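S.K.: Input file: upload02.pdb. Contents: PDB, C-alpha atoms.
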ATOM      1  CA  MET D   1      34.060  23.840 102.297
ATOM      2  CA  LYS D   2      31.226  22.148 104.191
ATOM      3  CA  TYR D   3      29.551  21.287 100.897
ATOM      4  CA  ARG D   4      32.715  19.679  99.588
ATOM      5  CA  LYS D   5      33.155  17.820 102.872
ATOM      6  CA  PHE D   6      29.617  16.446 102.779
ATOM      7  CA  LEU D   7      30.034  15.558  99.095
ATOM      8  CA  ALA D   8      33.198  13.615  99.857
ATOM      9  CA  LEU D   9      31.518  11.801 102.724
ATOM     10  CA  GLY D  10      28.560  10.980 100.498
ATOM     11  CA  LEU D  11      30.789   9.585  97.759
ATOM     12  CA  SER D  12      32.704   7.523 100.318
ATOM     13  CA  ALA D  13      29.494   6.079 101.738
ATOM     14  CA  ALA D  14      28.183   5.311  98.257
ATOM     15  CA  LEU D  15      31.429   3.528  97.403
ATOM     16  CA  CYS D  16      31.195   1.421 100.573
ATOM     17  CA  LEU D  17      27.593   0.491  99.845
ATOM     18  CA  SER D  18      28.506  -0.391  96.264
ATOM     19  CA  THR D  19      31.370  -2.621  97.437
ATOM     20  CA  LEU D  20      29.161  -4.429  99.942
ATOM     21  CA  SER D  21      26.448  -4.896  97.361
ATOM     22  CA  ALA D  22      28.883  -6.309  94.815
ATOM     23  CA  CYS D  23      30.401  -8.672  97.341
ATOM     24  CA  GLY D  24      27.115  -9.624  98.998
ATOM     25  CA  GLY D  25      28.575  -9.035 102.458
ATOM     26  CA  ALA D  26      31.165 -11.816 102.071
ATOM     27  CA  GLY D  27      31.343 -12.880  98.458
ATOM     28  CA  SER D  28      27.730 -14.049  98.531
ATOM     29  CA  SER D  29      24.487 -13.722  96.652
ATOM     30  CA  GLY D  30      21.402 -12.261  98.296
ATOM     31  CA  GLY D  31      23.231 -11.625 101.585
ATOM     32  CA  GLU D  32      24.152 -15.308 102.073
ATOM     33  CA  GLU D  33      27.748 -16.445 102.178
ATOM     34  CA  GLN D  34      28.842 -18.399  99.145
ATOM     35  CA  VAL D  35      29.200 -22.132  99.647
ATOM     36  CA  VAL D  36      32.841 -23.173  99.346
ATOM     37  CA  ILE D  37      33.140 -26.541  97.576
ATOM     38  CA  TYR D  38      36.367 -28.525  97.688
ATOM     39  CA  SER D  39      36.659 -31.285  95.089
ATOM     40  CA  ASN D  40      39.103 -33.786  93.629
ATOM     41  CA  ALA D  41      36.783 -34.461  90.677
ATOM     42  CA  ASP D  42      37.748 -34.504  87.006
ATOM     43  CA  GLU D  43      36.869 -31.581  84.771
ATOM     44  CA  GLU D  44      33.911 -33.481  83.291
ATOM     45  CA  ALA D  45      32.382 -34.066  86.724
ATOM     46  CA  ILE D  46      32.994 -30.471  87.835
ATOM     47  CA  THR D  47      31.205 -29.231  84.720
ATOM     48  CA  ALA D  48      28.219 -31.509  85.330
ATOM     49  CA  MET D  49      27.931 -30.388  88.953
ATOM     50  CA  GLN D  50      28.206 -26.730  88.005
ATOM     51  CA  ASN D  51      25.512 -27.168  85.354
ATOM     52  CA  ALA D  52      23.226 -28.798  87.917
ATOM     53  CA  LEU D  53      23.736 -25.928  90.372
ATOM     54  CA  ASP D  54      23.591 -23.100  87.826
ATOM     55  CA  ASN D  55      20.431 -24.404  86.177
ATOM     56  CA  ASN D  56      18.599 -24.790  89.481
ATOM     57  CA  GLY D  57      18.985 -21.411  91.134
ATOM     58  CA  TYR D  58      22.478 -21.566  92.667
ATOM     59  CA  LYS D  59      24.505 -19.674  90.066
ATOM     60  CA  GLY D  60      26.881 -17.267  91.801
ATOM     61  CA  LYS D  61      26.225 -18.816  95.205
ATOM     62  CA  TYR D  62      29.225 -21.157  95.346
ATOM     63  CA  ILE D  63      32.962 -21.362  94.713
ATOM     64  CA  PHE D  64      34.669 -24.543  93.463
ATOM     65  CA  GLN D  65      38.257 -25.223  94.525
ATOM     66  CA  THR D  66      39.904 -28.333  93.055
ATOM     67  CA  TYR D  67      42.727 -30.423  94.502
ATOM     68  CA  GLY D  68      44.544 -33.656  93.810
ATOM     69  CA  THR D  69      43.187 -36.636  95.723
ATOM     70  CA  SER D  70      46.127 -36.998  98.103
ATOM     71  CA  GLU D  71      46.298 -33.261  98.781
ATOM     72  CA  LEU D  72      42.602 -32.943  99.569
ATOM     73  CA  GLY D  73      42.637 -36.167 101.570
ATOM     74  CA  GLY D  74      45.450 -34.799 103.689
ATOM     75  CA  LYS D  75      43.495 -31.606 104.330
ATOM     76  CA  LEU D  76      40.395 -33.536 105.387
ATOM     77  CA  LEU D  77      42.319 -35.683 107.850
ATOM     78  CA  ALA D  78      44.420 -32.838 109.236
ATOM     79  CA  GLU D  79      41.877 -30.006 109.426
ATOM     80  CA  GLY D  80      38.578 -31.733 110.170
ATOM     81  CA  THR D  81      35.762 -29.257 110.790
ATOM     82  CA  ASN D  82      38.281 -26.395 110.560
ATOM     83  CA  LEU D  83      38.335 -26.970 106.800
ATOM     84  CA  GLU D  84      37.310 -23.840 104.925
ATOM     85  CA  ALA D  85      34.932 -25.828 102.720
ATOM     86  CA  ASP D  86      31.215 -26.161 103.405
ATOM     87  CA  LEU D  87      30.768 -29.026 100.934
ATOM     88  CA  VAL D  88      33.227 -31.576  99.556
ATOM     89  CA  THR D  89      33.176 -34.079  96.719
ATOM     90  CA  MET D  90      35.895 -36.635  97.250
ATOM     91  CA  SER D  91      36.931 -40.284  96.963
ATOM     92  CA  THR D  92      34.532 -42.105  99.253
ATOM     93  CA  PHE D  93      37.199 -44.038 101.120
ATOM     94  CA  TYR D  94      38.844 -40.764 102.162
ATOM     95  CA  LEU D  95      35.509 -39.363 103.362
ATOM     96  CA  GLN D  96      34.938 -42.453 105.476
ATOM     97  CA  SER D  97      38.379 -42.266 107.085
ATOM     98  CA  ALA D  98      37.976 -38.520 107.703
ATOM     99  CA  GLN D  99      34.593 -39.118 109.341
ATOM    100  CA  ASP D 100      35.980 -41.917 111.513
ATOM    101  CA  GLN D 101      38.825 -39.679 112.652
ATOM    102  CA  ASN D 102      37.147 -36.279 112.897
ATOM    103  CA  SER D 103      33.327 -36.766 112.954
ATOM    104  CA  MET D 104      33.158 -33.887 110.497
ATOM    105  CA  PHE D 105      30.165 -34.553 108.220
ATOM    106  CA  LEU D 106      26.432 -34.132 108.722
ATOM    107  CA  PRO D 107      23.908 -36.887 108.004
ATOM    108  CA  LEU D 108      22.295 -36.053 104.674
ATOM    109  CA  THR D 109      18.737 -34.795 104.986
ATOM    110  CA  PHE D 110      17.551 -36.026 101.582
ATOM    111  CA  ASP D 111      16.885 -39.515 100.253
ATOM    112  CA  VAL D 112      19.899 -41.328  98.817
ATOM    113  CA  ASN D 113      18.447 -44.317  96.962
ATOM    114  CA  THR D 114      21.641 -46.077  95.947
ATOM    115  CA  LEU D 115      21.933 -49.595  94.569
ATOM    116  CA  THR D 116      24.286 -50.515  97.423
ATOM    117  CA  GLU D 117      24.299 -49.275 101.001
ATOM    118  CA  VAL D 118      26.405 -46.184 101.700
ATOM    119  CA  PRO D 119      27.138 -44.215 104.901
ATOM    120  CA  ASP D 120      24.382 -41.749 105.777
ATOM    121  CA  TYR D 121      26.709 -38.743 105.328
ATOM    122  CA  THR D 122      27.691 -39.596 101.726
ATOM    123  CA  ALA D 123      25.947 -39.661  98.365
ATOM    124  CA  PRO D 124      28.004 -41.004  95.445
ATOM    125  CA  ILE D 125      28.416 -38.776  92.415
ATOM    126  CA  THR D 126      30.617 -40.944  90.174
ATOM    127  CA  SER D 127      32.068 -44.422  89.832
ATOM    128  CA  GLN D 128      35.326 -44.568  87.900
ATOM    129  CA  GLU D 129      36.992 -47.650  86.437
ATOM    130  CA  GLY D 130      40.514 -48.312  85.249
ATOM    131  CA  ALA D 131      41.592 -49.736  81.902
ATOM    132  CA  ILE D 132      44.630 -50.181  79.679
ATOM    133  CA  ILE D 133      44.915 -47.317  77.171
ATOM    134  CA  LEU D 134      46.525 -47.696  73.736
ATOM    135  CA  ASN D 135      47.825 -45.299  71.096
ATOM    136  CA  THR D 136      46.806 -47.375  68.077
ATOM    137  CA  GLU D 137      49.137 -45.615  65.641
ATOM    138  CA  LEU D 138      52.204 -46.109  67.825
ATOM    139  CA  MET D 139      51.261 -49.706  68.593
ATOM    140  CA  ALA D 140      51.179 -50.396  64.850
ATOM    141  CA  SER D 141      54.330 -48.472  63.930
ATOM    142  CA  GLU D 142      56.320 -50.143  66.716
ATOM    143  CA  GLY D 143      54.891 -53.583  65.940
ATOM    144  CA  LEU D 144      53.760 -54.097  69.526
ATOM    145  CA  PRO D 145      51.366 -56.919  70.465
ATOM    146  CA  THR D 146      48.104 -55.830  72.063
ATOM    147  CA  PRO D 147      48.198 -56.528  75.827
ATOM    148  CA  THR D 148      45.230 -58.350  77.307
ATOM    149  CA  SER D 149      46.203 -58.130  80.971
ATOM    150  CA  LEU D 150      48.002 -55.845  83.378
ATOM    151  CA  LYS D 151      50.624 -58.543  83.850
ATOM    152  CA  ASP D 152      51.456 -58.203  80.145
ATOM    153  CA  LEU D 153      52.615 -54.629  80.789
ATOM    154  CA  ALA D 154      55.618 -56.028  82.672
ATOM    155  CA  ASP D 155      56.840 -57.820  79.525
ATOM    156  CA  PRO D 156      60.190 -56.335  78.378
ATOM    157  CA  VAL D 157      58.756 -56.035  74.863
ATOM    158  CA  TYR D 158      57.029 -52.878  76.120
ATOM    159  CA  ALA D 159      60.159 -51.267  77.611
ATOM    160  CA  GLY D 160      59.945 -47.495  77.327
ATOM    161  CA  GLN D 161      56.401 -47.623  75.980
ATOM    162  CA  VAL D 162      54.332 -47.668  79.191
ATOM    163  CA  ALA D 163      53.012 -44.907  81.473
ATOM    164  CA  VAL D 164      51.142 -45.338  84.763
ATOM    165  CA  THR D 165      50.242 -43.134  87.704
ATOM    166  CA  ASP D 166      51.984 -43.023  91.078
ATOM    167  CA  ILE D 167      49.660 -44.016  93.934
ATOM    168  CA  GLN D 168      51.540 -41.555  96.146
ATOM    169  CA  SER D 169      49.848 -38.698  94.299
ATOM    170  CA  SER D 170      46.731 -40.085  92.616
ATOM    171  CA  SER D 171      44.106 -42.668  93.526
ATOM    172  CA  THR D 172      43.845 -43.658  89.841
ATOM    173  CA  ALA D 173      46.883 -45.847  90.438
ATOM    174  CA  TRP D 174      44.957 -47.687  93.140
ATOM    175  CA  LEU D 175      42.705 -49.165  90.464
ATOM    176  CA  LEU D 176      45.780 -50.813  88.962
ATOM    177  CA  ILE D 177      47.142 -52.040  92.284
ATOM    178  CA  GLN D 178      43.777 -53.387  93.469
ATOM    179  CA  ALA D 179      43.555 -55.482  90.305
ATOM    180  CA  LEU D 180      47.090 -56.831  90.727
ATOM    181  CA  VAL D 181      46.686 -57.668  94.419
ATOM    182  CA  ASP D 182      43.320 -59.311  93.813
ATOM    183  CA  ALA D 183      44.740 -61.480  91.018
ATOM    184  CA  TYR D 184      48.238 -62.274  92.290
ATOM    185  CA  GLY D 185      48.354 -61.515  96.016
ATOM    186  CA  ASP D 186      50.657 -58.946  97.638
ATOM    187  CA  ASP D 187      53.940 -60.608  96.651
ATOM    188  CA  GLY D 188      52.841 -61.389  93.120
ATOM    189  CA  ALA D 189      51.443 -57.898  92.680
ATOM    190  CA  GLN D 190      54.705 -56.340  93.818
ATOM    191  CA  GLU D 191      56.647 -58.473  91.346
ATOM    192  CA  VAL D 192      54.394 -57.548  88.426
ATOM    193  CA  LEU D 193      54.325 -53.896  89.435
ATOM    194  CA  SER D 194      58.122 -53.838  89.596
ATOM    195  CA  GLY D 195      58.242 -55.001  85.974
ATOM    196  CA  ILE D 196      55.664 -52.397  84.941
ATOM    197  CA  TYR D 197      57.617 -49.620  86.650
ATOM    198  CA  GLU D 198      60.807 -50.779  84.925
ATOM    199  CA  ASN D 199      59.057 -50.511  81.557
ATOM    200  CA  CYS D 200      57.753 -47.041  82.483
ATOM    201  CA  GLY D 201      61.141 -45.548  83.259
ATOM    202  CA  ALA D 202      60.492 -41.845  83.867
ATOM    203  CA  HIS D 203      56.793 -42.145  83.018
ATOM    204  CA  ILE D 204      55.386 -42.835  86.479
ATOM    205  CA  GLU D 205      53.067 -39.830  86.458
ATOM    206  CA  THR D 206      51.699 -37.720  89.307
ATOM    207  CA  SER D 207      48.384 -36.949  87.587
ATOM    208  CA  GLY D 208      45.658 -39.508  86.983
ATOM    209  CA  SER D 209      45.256 -38.235  83.413
ATOM    210  CA  GLY D 210      49.024 -38.150  82.792
ATOM    211  CA  PRO D 211      49.286 -41.573  81.074
ATOM    212  CA  LEU D 212      46.397 -40.776  78.729
ATOM    213  CA  LYS D 213      47.957 -37.430  77.794
ATOM    214  CA  LEU D 214      51.234 -39.180  76.987
ATOM    215  CA  CYS D 215      49.339 -41.681  74.815
ATOM    216  CA  ARG D 216      47.537 -38.855  73.046
ATOM    217  CA  ALA D 217      50.849 -37.118  72.357
ATOM    218  CA  GLY D 218      52.406 -40.315  71.019
ATOM    219  CA  GLU D 219      55.139 -40.305  73.667
ATOM    220  CA  VAL D 220      54.170 -43.804  74.821
ATOM    221  CA  ALA D 221      52.077 -46.529  73.229
ATOM    222  CA  ILE D 222      50.415 -47.839  76.390
ATOM    223  CA  GLY D 223      49.054 -46.309  79.575
ATOM    224  CA  PHE D 224      46.848 -47.192  82.485
ATOM    225  CA  GLY D 225      44.175 -44.677  83.367
ATOM    226  CA  LEU D 226      40.488 -43.933  83.694
ATOM    227  CA  ARG D 227      38.414 -45.943  81.281
ATOM    228  CA  HIS D 228      35.806 -43.279  80.560
ATOM    229  CA  GLN D 229      38.473 -40.841  79.354
ATOM    230  CA  ALA D 230      39.802 -43.342  76.816
ATOM    231  CA  VAL D 231      36.249 -44.120  75.683
ATOM    232  CA  ALA D 232      35.658 -40.408  75.067
ATOM    233  CA  ASP D 233      38.901 -39.998  73.113
ATOM    234  CA  LYS D 234      38.108 -42.968  70.882
ATOM    235  CA  ALA D 235      34.603 -41.614  70.222
ATOM    236  CA  GLU D 236      36.133 -38.296  69.151
ATOM    237  CA  GLY D 237      38.238 -40.061  66.535
ATOM    238  CA  LEU D 238      41.615 -39.842  68.271
ATOM    239  CA  PRO D 239      44.042 -42.747  67.740
ATOM    240  CA  ILE D 240      43.176 -44.071  71.194
ATOM    241  CA  ASP D 241      41.733 -47.447  72.129
ATOM    242  CA  TYR D 242      41.347 -49.291  75.405
ATOM    243  CA  VAL D 243      41.511 -52.818  76.779
ATOM    244  CA  ASP D 244      39.573 -54.127  79.763
ATOM    245  CA  PRO D 245      42.289 -56.094  81.583
ATOM    246  CA  ALA D 246      41.790 -59.758  82.395
ATOM    247  CA  GLU D 247      42.448 -59.016  86.072
ATOM    248  CA  GLY D 248      39.322 -56.863  86.165
ATOM    249  CA  ASN D 249      38.047 -53.283  85.887
ATOM    250  CA  PHE D 250      38.168 -52.167  89.489
ATOM    251  CA  SER D 251      36.364 -48.990  90.479
ATOM    252  CA  LEU D 252      36.389 -46.152  92.984
ATOM    253  CA  THR D 253      33.440 -43.953  93.852
ATOM    254  CA  GLU D 254      33.514 -40.261  94.629
ATOM    255  CA  SER D 255      30.823 -38.847  96.890
ATOM    256  CA  VAL D 256      29.459 -35.575  98.187
ATOM    257  CA  ALA D 257      29.449 -34.717 101.911
ATOM    258  CA  VAL D 258      28.431 -31.667 103.956
ATOM    259  CA  LEU D 259      30.693 -30.225 106.652
ATOM    260  CA  ASP D 260      29.295 -30.089 110.179
ATOM    261  CA  LYS D 261      30.275 -26.653 111.448
ATOM    262  CA  GLY D 262      27.628 -26.362 114.130
ATOM    263  CA  GLU D 263      26.055 -22.912 114.164
ATOM    264  CA  ASP D 264      28.389 -21.855 111.349
ATOM    265  CA  THR D 265      27.104 -24.535 108.957
ATOM    266  CA  ASN D 266      26.011 -22.909 105.720
ATOM    267  CA  PRO D 267      22.378 -24.016 105.158
ATOM    268  CA  LEU D 268      22.822 -23.830 101.384
ATOM    269  CA  ALA D 269      25.452 -26.573 101.484
ATOM    270  CA  MET D 270      22.899 -29.317 102.135
ATOM    271  CA  GLU D 271      20.604 -27.892  99.449
ATOM    272  CA  MET D 272      23.442 -27.912  96.930
ATOM    273  CA  ALA D 273      24.430 -31.471  97.803
ATOM    274  CA  GLN D 274      20.852 -32.547  97.096
ATOM    275  CA  CYS D 275      20.772 -30.505  93.880
ATOM    276  CA  ILE D 276      23.962 -32.151  92.589
ATOM    277  CA  ILE D 277      22.563 -35.637  93.163
ATOM    278  CA  GLU D 278      19.036 -35.002  91.914
ATOM    279  CA  ASN D 279      19.939 -32.840  88.912
ATOM    280  CA  GLY D 280      23.498 -33.804  88.023
ATOM    281  CA  ARG D 281      23.393 -37.571  87.664
ATOM    282  CA  GLU D 282      21.891 -37.580  84.148
ATOM    283  CA  GLU D 283      24.835 -35.621  82.766
ATOM    284  CA  LEU D 284      27.328 -37.492  84.937
ATOM    285  CA  LEU D 285      26.132 -40.823  83.538
ATOM    286  CA  GLN D 286      27.087 -39.684  80.044
ATOM    287  CA  THR D 287      30.740 -39.672  81.133
ATOM    288  CA  TYR D 288      30.749 -42.121  84.060
ATOM    289  CA  PRO D 289      28.382 -44.865  82.897
ATOM    290  CA  ASN D 290      28.185 -47.036  86.017
ATOM    291  CA  PRO D 291      24.663 -46.903  87.529
ATOM    292  CA  LEU D 292      24.723 -45.910  91.198
ATOM    293  CA  TYR D 293      21.081 -45.129  92.009
ATOM    294  CA  GLU D 294      17.801 -46.987  91.715
ATOM    295  CA  GLY D 295      16.261 -46.554  88.282
ATOM    296  CA  GLU D 296      19.535 -45.693  86.529
ATOM    297  CA  THR D 297      20.642 -47.581  83.436
ATOM    298  CA  ALA D 298      23.721 -47.358  81.259
ATOM    299  CA  ASP D 299      24.368 -47.999  77.587
ATOM    300  CA  PRO D 300      25.813 -51.544  77.458
ATOM    301  CA  ALA D 301      28.328 -50.323  74.885
ATOM    302  CA  ASN D 302      29.906 -48.103  77.529
ATOM    303  CA  GLN D 303      30.103 -50.738  80.256
ATOM    304  CA  SER D 304      33.348 -52.533  81.001
ATOM    305  CA  ALA D 305      33.897 -56.208  80.253
ATOM    306  CA  HIS D 306      35.189 -57.168  83.702
ATOM    307  CA  PRO D 307      33.629 -54.977  86.433
ATOM    308  CA  SER D 308      35.222 -56.031  89.724
ATOM    309  CA  VAL D 309      35.084 -55.247  93.430
ATOM    310  CA  PHE D 310      38.043 -55.646  95.770
ATOM    311  CA  GLY D 311      37.645 -58.335  98.410
ATOM    312  CA  GLU D 312      38.263 -55.984 101.356
ATOM    313  CA  PRO D 313      36.543 -52.715 102.255
ATOM    314  CA  LEU D 314      38.371 -49.768 100.686
ATOM    315  CA  THR D 315      39.809 -47.764 103.565
ATOM    316  CA  PHE D 316      42.547 -45.198 103.958
ATOM    317  CA  GLU D 317      44.554 -47.801 105.864
ATOM    318  CA  LEU D 318      44.358 -50.226 102.922
ATOM    319  CA  PHE D 319      45.298 -47.375 100.594
ATOM    320  CA  GLN D 320      48.398 -46.717 102.716
ATOM    321  CA  ALA D 321      49.316 -50.420 102.666
ATOM    322  CA  HIS D 322      49.134 -50.426  98.875
ATOM    323  CA  GLN D 323      51.206 -47.247  98.757
ATOM    324  CA  GLN D 324      53.894 -49.121 100.676
ATOM    325  CA  LEU D 325      53.628 -52.037  98.244
ATOM    326  CA  SER D 326      54.107 -49.604  95.375
ATOM    327  CA  GLU D 327      57.196 -48.063  96.948
ATOM    328  CA  ALA D 328      58.677 -51.522  97.492
ATOM    329  CA  ALA D 329      58.052 -52.326  93.809
ATOM    330  CA  LYS D 330      60.106 -49.304  92.773
ATOM    331  CA  GLY D 331      63.158 -50.986  94.320
TER     332      GLY D 331
END
What's the structure tokens form of this structure?

M.R.:
Amino acid sequence: MKYRKFLALGLSAALCLSTLSACGGAGSSGGEEQVVIYSNADEEAITAMQNALDNNGYKGKYIFQTYGTSELGGKLLAEGTNLEADLVTMSTFYLQSAQDQNSMFLPLTFDVNTLTEVPDYTAPITSQEGAIILNTELMASEGLPTPTSLKDLADPVYAGQVAVTDIQSSSTAWLLIQALVDAYGDDGAQEVLSGIYENCGAHIETSGSGPLKLCRAGEVAIGFGLRHQAVADKAEGLPIDYVDPAEGNFSLTESVAVLDKGEDTNPLAMEMAQCIIENGREELLQTYPNPLYEGETADPANQSAHPSVFGEPLTFELFQAHQQLSEAAKG
């Protein structure tokens, strides 16, 4: 009986040790807790960041959790340093507002040699531009004229053939609204946007990639979305083309930031932030061609015709004001 009892105890202990070893104490590698990364990035950017980490010694040492921009922004503002994440990649304007409100990010301890000045707690990972997206087959079969501006999308000739994104759920729509406000002022932008929404009908999408997917599927002829995604589709031979609108290709950056959790700060988080910037930008530039750092260049063929910058600093407060403008345009 004693032998069986000792055998059972030994098996139980071995099982416990095996479980701890497999989990690394808390889902970690080498006894260190895994870095939890929250991100609103597109699939292409996530892949590039994972490749940078995996190829430089951090495979198995992190967990990516992805969110929509508005959802993650809400978590940052509401939870502050209580956020589960150790590292975030997020629209820069949200990071700045979260830092102003919660003082939640650490100054980066590595060099960030950007072309323009950025806050010391952020390092940009991507710059994304908006553009008009076309399904070339549907444009031809429906006999639709090619739009050259965002204002054109309000023309009744395009009724039922347009898809855009709702700024309430995705910051992609902000690229559209920035361009309209910059060109036509608040009142003019609301008027144009009202016409665009009328042409969209039910196709005011919650996802930034929603309009492109509808164009791919041939459900609409025209969308507004991220330029680099349309460029990629065209290069792959899909019946997709794009137009750089006369009002301008406005852009938003996404950046990496490290949570300040005092004594509970995971030391690997800062290392991984540096790794993403130093080892991920080459791959990121293949999809997001805007140079952000000293020494970077982009293929001129991939650069937009009308790169533009909004006249005011991009803040969460401005984002909210443009959300209100959008709601008013819906009538």

S.K.: Under the PyMOL selection byres ((chain D and resi 289) around 7), which residues of this model are included? Write them out as a ChimeraX atom specification.

M.R.: /D:285-288,290-291,298,302-303

S.K.: Residues near Leu77 in chain D, anyone? I mean within 9 Å using all atoms listed in the file, not counting same-chain ones fewer than 2 positions away, as a PyMOL selection string.

M.R.: chain D and resi 72-75+79-80+94-95+97-99+101-102

S.K.: For the PyMOL selection byres ((chain D and resi 232-249) around 7), applied here, can you spell out every residue it catches as a PDB file with C-alpha atoms, keeping the file's coordinate frame?

M.R.:
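Output file result.pdb follows:
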ATOM      1  CA  GLU D 129      36.992 -47.650  86.437  1.00  0.00           C
ATOM      2  CA  GLY D 130      40.514 -48.312  85.249  1.00  0.00           C
ATOM      3  CA  ALA D 131      41.592 -49.736  81.902  1.00  0.00           C
ATOM      4  CA  ILE D 132      44.630 -50.181  79.679  1.00  0.00           C
ATOM      5  CA  ILE D 133      44.915 -47.317  77.171  1.00  0.00           C
ATOM      6  CA  LEU D 134      46.525 -47.696  73.736  1.00  0.00           C
ATOM      7  CA  ASN D 135      47.825 -45.299  71.096  1.00  0.00           C
ATOM      8  CA  THR D 136      46.806 -47.375  68.077  1.00  0.00           C
ATOM      9  CA  GLU D 137      49.137 -45.615  65.641  1.00  0.00           C
ATOM     10  CA  THR D 148      45.230 -58.350  77.307  1.00  0.00           C
ATOM     11  CA  SER D 149      46.203 -58.130  80.971  1.00  0.00           C
ATOM     12  CA  LEU D 150      48.002 -55.845  83.378  1.00  0.00           C
ATOM     13  CA  ALA D 179      43.555 -55.482  90.305  1.00  0.00           C
ATOM     14  CA  LEU D 180      47.090 -56.831  90.727  1.00  0.00           C
ATOM     15  CA  ALA D 183      44.740 -61.480  91.018  1.00  0.00           C
ATOM     16  CA  HIS D 228      35.806 -43.279  80.560  1.00  0.00           C
ATOM     17  CA  GLN D 229      38.473 -40.841  79.354  1.00  0.00           C
ATOM     18  CA  ALA D 230      39.802 -43.342  76.816  1.00  0.00           C
ATOM     19  CA  VAL D 231      36.249 -44.120  75.683  1.00  0.00           C
ATOM     20  CA  PHE D 250      38.168 -52.167  89.489  1.00  0.00           C
ATOM     21  CA  SER D 251      36.364 -48.990  90.479  1.00  0.00           C
ATOM     22  CA  SER D 304      33.348 -52.533  81.001  1.00  0.00           C
ATOM     23  CA  ALA D 305      33.897 -56.208  80.253  1.00  0.00           C
ATOM     24  CA  HIS D 306      35.189 -57.168  83.702  1.00  0.00           C
ATOM     25  CA  PRO D 307      33.629 -54.977  86.433  1.00  0.00           C
ATOM     26  CA  SER D 308      35.222 -56.031  89.724  1.00  0.00           C
TER      27      SER D 308
END

S.K.: Quick check on the file I pasted: which residues fall under the PyMOL selection byres ((chain D and resi 155) around 12)? Write them as a ChimeraX atom specification.

M.R.: /D:144-154,156-162,191-200

S.K.: Take the selection from the previous step and output its residues with C-alpha atoms, as a PDB file, in the coordinates of the input.

M.R.:
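Once everything was written out, this is part_39.pdb:
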ATOM      1  CA  LEU D 144      53.760 -54.097  69.526  1.00  0.00           C
ATOM      2  CA  PRO D 145      51.366 -56.919  70.465  1.00  0.00           C
ATOM      3  CA  THR D 146      48.104 -55.830  72.063  1.00  0.00           C
ATOM      4  CA  PRO D 147      48.198 -56.528  75.827  1.00  0.00           C
ATOM      5  CA  THR D 148      45.230 -58.350  77.307  1.00  0.00           C
ATOM      6  CA  SER D 149      46.203 -58.130  80.971  1.00  0.00           C
ATOM      7  CA  LEU D 150      48.002 -55.845  83.378  1.00  0.00           C
ATOM      8  CA  LYS D 151      50.624 -58.543  83.850  1.00  0.00           C
ATOM      9  CA  ASP D 152      51.456 -58.203  80.145  1.00  0.00           C
ATOM     10  CA  LEU D 153      52.615 -54.629  80.789  1.00  0.00           C
ATOM     11  CA  ALA D 154      55.618 -56.028  82.672  1.00  0.00           C
ATOM     12  CA  PRO D 156      60.190 -56.335  78.378  1.00  0.00           C
ATOM     13  CA  VAL D 157      58.756 -56.035  74.863  1.00  0.00           C
ATOM     14  CA  TYR D 158      57.029 -52.878  76.120  1.00  0.00           C
ATOM     15  CA  ALA D 159      60.159 -51.267  77.611  1.00  0.00           C
ATOM     16  CA  GLY D 160      59.945 -47.495  77.327  1.00  0.00           C
ATOM     17  CA  GLN D 161      56.401 -47.623  75.980  1.00  0.00           C
ATOM     18  CA  VAL D 162      54.332 -47.668  79.191  1.00  0.00           C
ATOM     19  CA  GLU D 191      56.647 -58.473  91.346  1.00  0.00           C
ATOM     20  CA  VAL D 192      54.394 -57.548  88.426  1.00  0.00           C
ATOM     21  CA  LEU D 193      54.325 -53.896  89.435  1.00  0.00           C
ATOM     22  CA  SER D 194      58.122 -53.838  89.596  1.00  0.00           C
ATOM     23  CA  GLY D 195      58.242 -55.001  85.974  1.00  0.00           C
ATOM     24  CA  ILE D 196      55.664 -52.397  84.941  1.00  0.00           C
ATOM     25  CA  TYR D 197      57.617 -49.620  86.650  1.00  0.00           C
ATOM     26  CA  GLU D 198      60.807 -50.779  84.925  1.00  0.00           C
ATOM     27  CA  ASN D 199      59.057 -50.511  81.557  1.00  0.00           C
ATOM     28  CA  CYS D 200      57.753 -47.041  82.483  1.00  0.00           C
TER      29      CYS D 200
END

S.K.: Record the distance separating CA of Thr89 in chain D and CA of Ser255 in chain D, expressed in Å with one decimal.

M.R.: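 Separation between CA of Thr89 in chain D and CA of Ser255 in chain D: 5.3 Å.
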
S.K.: Restricting the calculation to all atoms listed in the file, which member of D:Ser70, D:Gln190, D:Asn55, D:Asn113 is positioned closest to Gly331 in chain D?

M.R.: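 For Gly331 in chain D, the nearest of the given residues is D:Gln190.
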
S.K.: Would you compute an axis-aligned box for range 211-218 of chain D, covering every atom listed for it in the file with 8 Å of margin on each side, and report centre and edge lengths in Å to one decimal as lines of an AutoDock Vina configuration file?

M.R.:
center_x = 49.4
center_y = -39.4
center_z = 76.0
size_x = 22.0
size_y = 20.6
size_z = 26.1

S.K.: Can you pull out every residue within 10 Å of Tyr58 in chain D, counting all atoms listed in the file, but drop anything in the same chain fewer than 3 positions away, and send it as a PyMOL selection string?

M.R.: chain D and resi 29+34-35+50-55+61-62+268+271-272+275

S.K.: With C-alpha atoms retained, export the selected residues as a short mmCIF file (atom, residue, chain, number, x, y, z; two decimals), in the frame of the given file.

M.R.:
data_model
loop_
_atom_site.label_atom_id
_atom_site.label_comp_id
_atom_site.auth_asym_id
_atom_site.auth_seq_id
_atom_site.Cartn_x
_atom_site.Cartn_y
_atom_site.Cartn_z
CA SER D 29 24.49 -13.72 96.65
CA GLN D 34 28.84 -18.40 99.14
CA VAL D 35 29.20 -22.13 99.65
CA GLN D 50 28.21 -26.73 88.00
CA ASN D 51 25.51 -27.17 85.35
CA ALA D 52 23.23 -28.80 87.92
CA LEU D 53 23.74 -25.93 90.37
CA ASP D 54 23.59 -23.10 87.83
CA ASN D 55 20.43 -24.40 86.18
CA LYS D 61 26.22 -18.82 95.20
CA TYR D 62 29.22 -21.16 95.35
CA LEU D 268 22.82 -23.83 101.38
CA GLU D 271 20.60 -27.89 99.45
CA MET D 272 23.44 -27.91 96.93
CA CYS D 275 20.77 -30.50 93.88
#
